[in-house]
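Text of protein_19.txt (compact mmCIF, C-alpha atoms) as supplied:
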```txt
# COMPACT_ATOMS: atom_id res chain seq x y z
CA MET A 189 -7.27 10.29 -32.57
CA ARG A 190 -5.57 8.39 -29.76
CA ARG A 191 -8.80 7.99 -27.84
CA ALA A 192 -10.65 6.91 -30.98
CA TYR A 193 -8.03 4.26 -31.70
CA ALA A 194 -8.07 3.05 -28.09
CA ASP A 195 -11.82 2.45 -28.44
CA ARG A 196 -11.37 0.93 -31.91
CA ASN A 197 -8.83 -1.60 -30.64
CA GLU A 198 -11.03 -2.54 -27.67
CA TYR A 199 -14.54 -2.70 -29.11
CA VAL A 200 -14.53 -2.94 -32.90
CA GLY A 201 -14.42 -6.18 -34.87
CA ASP A 202 -16.47 -8.21 -37.32
CA PRO A 203 -20.09 -7.63 -36.21
CA ASP A 204 -20.89 -11.23 -37.21
CA PHE A 205 -18.67 -12.29 -34.30
CA VAL A 206 -18.75 -9.46 -31.74
CA LYS A 207 -21.34 -6.99 -30.52
CA VAL A 208 -19.95 -3.55 -31.36
CA PRO A 209 -21.46 -0.80 -29.14
CA ILE A 210 -21.96 1.56 -32.08
CA ALA A 211 -24.66 3.69 -30.44
CA GLY A 212 -22.54 4.13 -27.32
CA LEU A 213 -19.41 5.03 -29.27
CA LEU A 214 -21.32 7.69 -31.20
CA ASP A 215 -23.29 9.04 -28.24
CA PRO A 216 -22.67 12.83 -27.94
CA ALA A 217 -22.44 12.68 -24.14
CA TYR A 218 -19.82 9.93 -24.35
CA LEU A 219 -17.82 11.89 -26.93
CA ALA A 220 -18.01 14.95 -24.70
CA ARG A 221 -16.49 12.94 -21.85
CA LEU A 222 -13.64 11.86 -24.12
CA ARG A 223 -13.00 15.46 -25.17
CA ALA A 224 -13.01 16.58 -21.54
CA SER A 225 -10.17 14.12 -20.78
CA ILE A 226 -7.86 15.98 -23.21
CA ASP A 227 -5.47 18.49 -21.64
CA PRO A 228 -5.00 21.22 -24.29
CA GLU A 229 -1.74 22.32 -22.66
CA ARG A 230 -0.03 18.92 -22.37
CA ALA A 231 0.01 15.76 -24.48
CA THR A 232 -1.26 12.65 -22.71
CA PRO A 233 1.24 9.77 -23.05
CA SER A 234 -0.31 6.93 -25.01
CA ASP A 235 0.28 4.43 -22.19
CA GLN A 236 -2.11 6.54 -20.08
CA VAL A 237 -4.90 6.54 -22.68
CA ARG A 238 -7.37 3.74 -22.03
CA PRO A 239 -10.49 2.61 -23.88
CA GLY A 240 -13.57 4.52 -22.73
CA ARG A 241 -16.78 3.08 -21.33
CA PRO A 242 -19.50 3.69 -23.92
CA VAL A 243 -23.06 2.81 -22.96
CA GLY A 244 -23.71 -0.79 -23.88
CA SER A 245 -20.22 -2.00 -23.00
CA GLU A 246 -19.07 -3.78 -19.87
CA GLN A 247 -15.84 -3.38 -17.99
CA MET A 248 -13.56 -6.33 -18.67
CA GLU A 249 -12.42 -6.95 -15.13
CA THR A 250 -14.23 -6.57 -11.78
CA THR A 251 -17.96 -6.53 -11.04
CA HIS A 252 -19.19 -5.64 -7.55
CA TYR A 253 -22.59 -5.17 -5.96
CA SER A 254 -23.74 -4.46 -2.41
CA VAL A 255 -27.18 -5.12 -0.91
CA VAL A 256 -28.71 -4.13 2.44
CA ASP A 257 -32.27 -5.16 3.40
CA ALA A 258 -34.80 -3.46 5.69
CA GLU A 259 -33.50 -5.38 8.72
CA GLY A 260 -29.92 -4.26 8.11
CA ASN A 261 -28.61 -7.57 6.74
CA ALA A 262 -25.77 -6.77 4.34
CA VAL A 263 -24.22 -8.74 1.49
CA ALA A 264 -21.38 -7.73 -0.82
CA VAL A 265 -20.35 -9.76 -3.86
CA THR A 266 -17.25 -9.19 -5.97
CA TYR A 267 -16.46 -11.11 -9.16
CA THR A 268 -13.16 -10.29 -10.78
CA LEU A 269 -11.18 -11.51 -13.77
CA ASN A 270 -8.11 -9.40 -12.85
CA GLY A 271 -7.22 -8.78 -16.49
CA GLY A 272 -8.76 -8.84 -19.93
CA TYR A 273 -10.59 -12.19 -20.28
CA GLY A 274 -9.02 -13.50 -17.06
CA ASN A 275 -6.86 -16.53 -17.76
CA GLY A 276 -8.55 -17.02 -21.12
CA ILE A 277 -10.38 -20.22 -20.08
CA THR A 278 -14.18 -20.59 -20.19
CA VAL A 279 -15.91 -23.23 -18.04
CA PRO A 280 -17.33 -25.84 -20.47
CA GLY A 281 -21.12 -25.81 -20.64
CA LEU A 282 -21.46 -22.84 -18.27
CA GLY A 283 -19.97 -20.00 -20.30
CA PHE A 284 -18.22 -17.93 -17.62
CA LEU A 285 -14.53 -17.04 -17.61
CA LEU A 286 -11.99 -18.11 -15.00
CA ASN A 287 -9.83 -15.39 -13.48
CA ASN A 288 -6.07 -15.00 -13.47
CA GLU A 289 -5.79 -14.15 -9.77
CA MET A 290 -2.57 -16.18 -9.64
CA ASP A 291 -1.04 -12.80 -10.43
CA ASP A 292 -1.93 -11.84 -6.84
CA PHE A 293 0.88 -14.20 -5.81
CA ALA A 294 4.47 -13.13 -6.16
CA ALA A 295 4.97 -15.37 -9.21
CA LYS A 296 8.61 -14.26 -9.20
CA PRO A 297 9.46 -12.58 -5.87
CA GLY A 298 11.12 -9.21 -6.33
CA THR A 299 9.76 -8.78 -9.88
CA PRO A 300 6.84 -6.42 -10.72
CA ASN A 301 3.49 -8.02 -11.53
CA MET A 302 1.01 -6.76 -14.15
CA PHE A 303 0.24 -3.71 -11.95
CA GLY A 304 3.90 -2.93 -11.22
CA LEU A 305 3.59 -4.23 -7.64
CA VAL A 306 6.74 -5.84 -6.22
CA GLN A 307 6.21 -8.58 -3.62
CA GLY A 308 8.46 -10.84 -1.56
CA GLU A 309 8.89 -14.52 -0.68
CA ALA A 310 6.09 -14.44 1.92
CA ASN A 311 3.55 -14.30 -0.92
CA ALA A 312 5.31 -16.76 -3.23
CA ILE A 313 3.25 -19.53 -4.88
CA ALA A 314 2.88 -22.75 -2.86
CA PRO A 315 0.42 -25.71 -2.90
CA GLY A 316 -2.74 -24.99 -0.86
CA LYS A 317 -1.69 -21.40 -0.25
CA ARG A 318 -4.00 -18.40 -0.71
CA PRO A 319 -2.65 -15.28 -2.45
CA LEU A 320 -2.78 -11.79 -1.01
CA SER A 321 -5.68 -9.71 -2.28
CA SER A 322 -6.37 -5.98 -2.29
CA MET A 323 -10.13 -6.53 -2.33
CA THR A 324 -11.99 -5.85 0.87
CA ALA A 325 -15.77 -5.76 1.08
CA ASP A 326 -16.34 -4.23 4.49
CA ASP A 327 -19.07 -3.35 6.97
CA ARG A 328 -18.29 -0.32 9.13
CA VAL A 329 -20.20 0.27 12.39
CA GLU A 330 -19.69 3.67 13.99
CA GLY A 331 -19.04 2.83 17.61
CA TRP A 332 -21.25 1.37 20.38
CA GLU A 333 -23.37 4.47 20.90
CA ALA A 334 -23.93 4.77 17.15
CA VAL A 335 -25.23 1.20 16.97
CA HIS A 336 -27.81 1.99 19.66
CA ASP A 337 -28.85 5.04 17.66
CA GLY A 338 -29.45 2.77 14.69
CA ARG A 339 -26.67 4.37 12.67
CA ARG A 340 -24.40 2.25 10.49
CA ALA A 341 -21.94 3.31 7.81
CA GLY A 342 -21.31 0.41 5.40
CA ARG A 343 -21.45 -1.81 3.30
CA LEU A 344 -18.83 -0.08 1.25
CA ALA A 345 -17.06 -1.87 -1.54
CA HIS A 346 -13.55 -3.05 -2.31
CA PHE A 347 -9.92 -2.03 -2.81
CA ARG A 348 -8.93 -1.14 0.74
CA ARG A 349 -6.88 2.01 0.15
CA ARG A 350 -9.57 3.79 -1.86
CA PHE A 351 -12.29 2.25 0.28
CA ALA A 352 -10.69 3.73 3.42
CA GLN A 353 -10.90 7.18 1.84
CA VAL A 354 -14.67 6.80 1.36
CA ILE A 355 -15.07 5.73 5.00
CA LEU A 356 -13.07 8.75 6.17
CA ASN A 357 -15.21 11.05 4.03
CA VAL A 358 -18.40 9.71 5.64
CA VAL A 359 -17.27 9.19 9.24
CA ASP A 360 -14.72 11.95 9.81
CA PHE A 361 -15.84 14.62 7.34
CA GLY A 362 -19.61 14.11 7.58
CA MET A 363 -20.18 13.79 3.84
CA ASN A 364 -23.24 12.04 2.47
CA VAL A 365 -22.35 8.75 0.82
CA GLN A 366 -22.69 10.00 -2.78
CA ASP A 367 -20.38 12.96 -2.18
CA ALA A 368 -17.97 10.64 -0.36
CA VAL A 369 -17.82 8.29 -3.34
CA ASP A 370 -17.59 11.10 -5.91
CA ALA A 371 -14.70 12.87 -4.15
CA PRO A 372 -11.32 12.52 -5.95
CA ARG A 373 -9.07 9.78 -4.60
CA PHE A 374 -5.34 9.05 -4.42
CA HIS A 375 -3.28 5.87 -4.39
CA HIS A 376 0.27 4.77 -3.58
CA GLN A 377 1.38 1.13 -3.42
CA TRP A 378 5.07 1.62 -2.49
CA GLN A 379 6.35 0.18 -5.78
CA PRO A 380 6.37 1.67 -8.32
CA ASP A 381 7.20 4.89 -6.46
CA LYS A 382 4.30 6.88 -7.88
CA LEU A 383 1.46 8.82 -6.23
CA SER A 384 -1.63 8.58 -8.45
CA LEU A 385 -4.19 11.38 -8.14
CA GLU A 386 -7.59 11.67 -9.75
CA ARG A 387 -8.67 14.90 -11.41
CA GLY A 388 -10.43 17.20 -8.98
CA ILE A 389 -7.54 17.50 -6.54
CA SER A 390 -6.41 21.13 -6.79
CA PRO A 391 -3.34 22.04 -8.86
CA ASP A 392 -1.99 23.88 -5.79
CA THR A 393 -2.09 20.63 -3.82
CA VAL A 394 -0.39 18.78 -6.68
CA ALA A 395 2.35 21.43 -6.78
CA ILE A 396 2.91 21.12 -3.01
CA LEU A 397 3.15 17.33 -3.26
CA LYS A 398 5.71 17.59 -6.07
CA SER A 399 7.73 20.13 -4.07
CA ARG A 400 7.89 17.60 -1.24
CA GLY A 401 9.41 14.98 -3.49
CA TYR A 402 6.43 12.91 -4.61
CA GLU A 403 6.43 11.47 -8.13
CA VAL A 404 2.90 12.48 -9.05
CA ASP A 405 0.72 10.91 -11.74
CA TYR A 406 -2.04 13.45 -12.39
CA ALA A 407 -2.83 12.49 -15.96
CA PRO A 408 -6.30 12.85 -17.48
CA GLY A 409 -8.27 9.65 -17.22
CA VAL A 410 -6.66 8.30 -14.02
CA VAL A 411 -9.42 6.28 -12.28
CA LEU A 412 -8.73 4.71 -8.89
CA ALA A 413 -11.31 1.94 -8.56
CA GLN A 414 -15.09 2.05 -8.65
CA ILE A 415 -16.76 1.83 -5.24
CA ALA A 416 -20.36 0.79 -4.56
CA SER A 417 -21.56 2.09 -1.19
CA ILE A 418 -24.58 1.90 1.10
CA VAL A 419 -25.10 3.80 4.36
CA SER A 420 -27.88 2.97 6.80
CA ASP A 421 -28.56 6.08 8.84
CA GLY A 422 -31.45 6.30 11.33
CA GLY A 423 -33.56 3.83 9.36
CA TRP A 424 -32.80 5.45 5.98
CA LEU A 425 -30.67 3.74 3.38
CA GLN A 426 -28.40 5.87 1.21
CA GLY A 427 -27.05 4.16 -1.90
CA ALA A 428 -24.19 5.59 -3.97
CA SER A 429 -23.27 4.57 -7.50
CA ASP A 430 -19.77 5.50 -8.61
CA GLY A 431 -19.84 7.76 -11.66
CA ARG A 432 -16.38 6.45 -12.60
CA SER A 433 -18.19 3.45 -14.03
CA ALA A 434 -20.73 3.99 -16.81
CA ALA A 435 -22.48 0.75 -15.81
CA GLY A 436 -22.95 1.62 -12.13
CA LYS A 437 -26.42 2.00 -10.60
CA ALA A 438 -27.97 2.52 -7.17
CA ALA A 439 -31.57 1.52 -6.42
CA GLY A 440 -33.89 1.24 -3.42
CA TYR A 441 -36.98 -0.88 -2.95
```

Structure rendered as structure tokens:
Amino acid sequence: MRRAYADRNEYVGDPDFVKVPIAGLLDPAYLARLRASIDPERATPSDQVRPGRPVGSEQMETTHYSVVDAEGNAVAVTYTLNGGYGNGITVPGLGFLLNNEMDDFAAKPGTPNMFGLVQGEANAIAPGKRPLSSMTADDRVEGWEAVHDGRRAGRLAHFRRRFAQVILNVVDFGMNVQDAVDAPRFHHQWQPDKLSLERGISPDTVAILKSRGYEVDYAPGVVLAQIASIVSDGGWLQGASDGRSAAGKAAGY
């Protein structure tokens, strides 16, 4: 019921005014994913239940795509609103929304922002000043010898902490890029003092972390960013779409 109401509140309205993704909401595979997010042994707190991603709907925040051509030229583009409908302003005559990235500043130093992050005076708002950002589209080259072998790992996407984990999976653990992207991730941003873990990390590991004093968030549905990744390896391009996003795709031409 909670998951149904989360979707209702996000997607459903007067069909004369909004496009309701009815087919996606009723799709058996989508409903199976919702059921799989339910822990039969423990109630999920409502503040951890989020609207799903039925086919035919778009995420309301960040869009990212990465492109590498046959010569190895790489481009990564990220467009983010940072919150539902950004700052709520549409550009007249053009129809796209403006973001609310002012929240990347410390609007009130020492006070949590919309993501619970506490920042100091160094990132306070000032005229002509750029805010800190956690986005990082990056191109990783594996050492001088690797370049001469024609091997490159990158262009991987954004959100540096989760992005670093994908790089480590490829470079240090030898995983192919799809496995590297699919692997469960973790996140800690200092404040709030909470270690977020995606499902797939073993319960034994979670128990060890808790025994060492970590405040662990291991709730169903925890998703730590979507990452679009491309690896150029010996003339072959490997593209990885993140299954955490229903709208993600990888294609080669």

Distance query Arg350 in chain A at most 10 Å, all atoms listed in the file, self and fewer than 6 positions along chain excluded, as a PyMOL selection string: chain A and resi 369+372-375+412-415

Distance criterion (only C-alpha atoms): nearest to Met189 in chain A out of A:Ile226, A:Ala368, A:Leu285, A:Leu425: A:Ile226

Write out as a PDB file with C-alpha atoms, in the coordinates of the input each polymer residue whose atoms come within 12 Å of range 317-322 of chain A, counting only C-alpha atoms; drop sequence neighbours fewer than 4 positions from it.
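What landed in around_31.pdb:
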```
ATOM      1  CA  THR A 266     -17.250  -9.190  -5.970  1.00  0.00           C
ATOM      2  CA  THR A 268     -13.160 -10.290 -10.780  1.00  0.00           C
ATOM      3  CA  ASN A 270      -8.110  -9.400 -12.850  1.00  0.00           C
ATOM      4  CA  ASN A 288      -6.070 -15.000 -13.470  1.00  0.00           C
ATOM      5  CA  GLU A 289      -5.790 -14.150  -9.770  1.00  0.00           C
ATOM      6  CA  MET A 290      -2.570 -16.180  -9.640  1.00  0.00           C
ATOM      7  CA  ASP A 291      -1.040 -12.800 -10.430  1.00  0.00           C
ATOM      8  CA  ASP A 292      -1.930 -11.840  -6.840  1.00  0.00           C
ATOM      9  CA  PHE A 293       0.880 -14.200  -5.810  1.00  0.00           C
ATOM     10  CA  ALA A 294       4.470 -13.130  -6.160  1.00  0.00           C
ATOM     11  CA  ALA A 295       4.970 -15.370  -9.210  1.00  0.00           C
ATOM     12  CA  PHE A 303       0.240  -3.710 -11.950  1.00  0.00           C
ATOM     13  CA  LEU A 305       3.590  -4.230  -7.640  1.00  0.00           C
ATOM     14  CA  GLN A 307       6.210  -8.580  -3.620  1.00  0.00           C
ATOM     15  CA  GLY A 308       8.460 -10.840  -1.560  1.00  0.00           C
ATOM     16  CA  GLU A 309       8.890 -14.520  -0.680  1.00  0.00           C
ATOM     17  CA  ALA A 310       6.090 -14.440   1.920  1.00  0.00           C
ATOM     18  CA  ASN A 311       3.550 -14.300  -0.920  1.00  0.00           C
ATOM     19  CA  ALA A 312       5.310 -16.760  -3.230  1.00  0.00           C
ATOM     20  CA  ILE A 313       3.250 -19.530  -4.880  1.00  0.00           C
ATOM     21  CA  ALA A 345     -17.060  -1.870  -1.540  1.00  0.00           C
ATOM     22  CA  HIS A 346     -13.550  -3.050  -2.310  1.00  0.00           C
ATOM     23  CA  PHE A 347      -9.920  -2.030  -2.810  1.00  0.00           C
ATOM     24  CA  ARG A 348      -8.930  -1.140   0.740  1.00  0.00           C
ATOM     25  CA  ARG A 349      -6.880   2.010   0.150  1.00  0.00           C
ATOM     26  CA  ARG A 350      -9.570   3.790  -1.860  1.00  0.00           C
ATOM     27  CA  PHE A 351     -12.290   2.250   0.280  1.00  0.00           C
ATOM     28  CA  GLN A 377       1.380   1.130  -3.420  1.00  0.00           C
ATOM     29  CA  ALA A 413     -11.310   1.940  -8.560  1.00  0.00           C
TER      30      ALA A 413
END
```

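Across the model, the gap from CA of Thr299 in chain A to CA of Asn275 in chain A is 20.0 Å.
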
Padded axis-aligned box of range 296-299 of chain A (5 Å per side), centre and edge lengths, Å, one decimal, as JSON:
```
{"center_x": 9.9, "center_y": -11.5, "center_z": -7.9, "size_x": 12.5, "size_y": 15.5, "size_z": 14.0}
```

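Here CA of Gly431 in chain A stands at a distance of 10.8 Å from CA of Asp367 in chain A.
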
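Excluding Val410 in chain A itself and any same-chain residue fewer than 6 positions from it, the protein and nucleic acid residues within 8 Å of it, counting all atoms listed in the file, are Gln236, Ser384, Leu385, Glu386 and Arg387 of chain A.
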
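Reported to one decimal place, the separation of CA of Ala395 in chain A from CA of Arg230 in chain A is 16.0 Å.
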
Contact residues around Arg191 in chain A with only C-alpha atoms at 12 Å, ignoring same-chain residues under 4 positions, as a PyMOL selection string: chain A and resi 195-198+213+218-226+232-241+408-409

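Each of A:Gly272, A:Gly281, A:Ala371, A:Ser254 was compared to Ile355 in chain A using only C-alpha atoms, and A:Ala371 turns out to be the nearest.
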
Who sits within 7 Å of Leu269 in chain A, only C-alpha atoms, same chain under 4 positions skipped, as a count of residues only: 7

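Closest approach to Gly298 in chain A from the set A:Thr393, A:Gln353, A:Gln379, A:Asn261 is made by A:Gln379, with distances taken over only C-alpha atoms.
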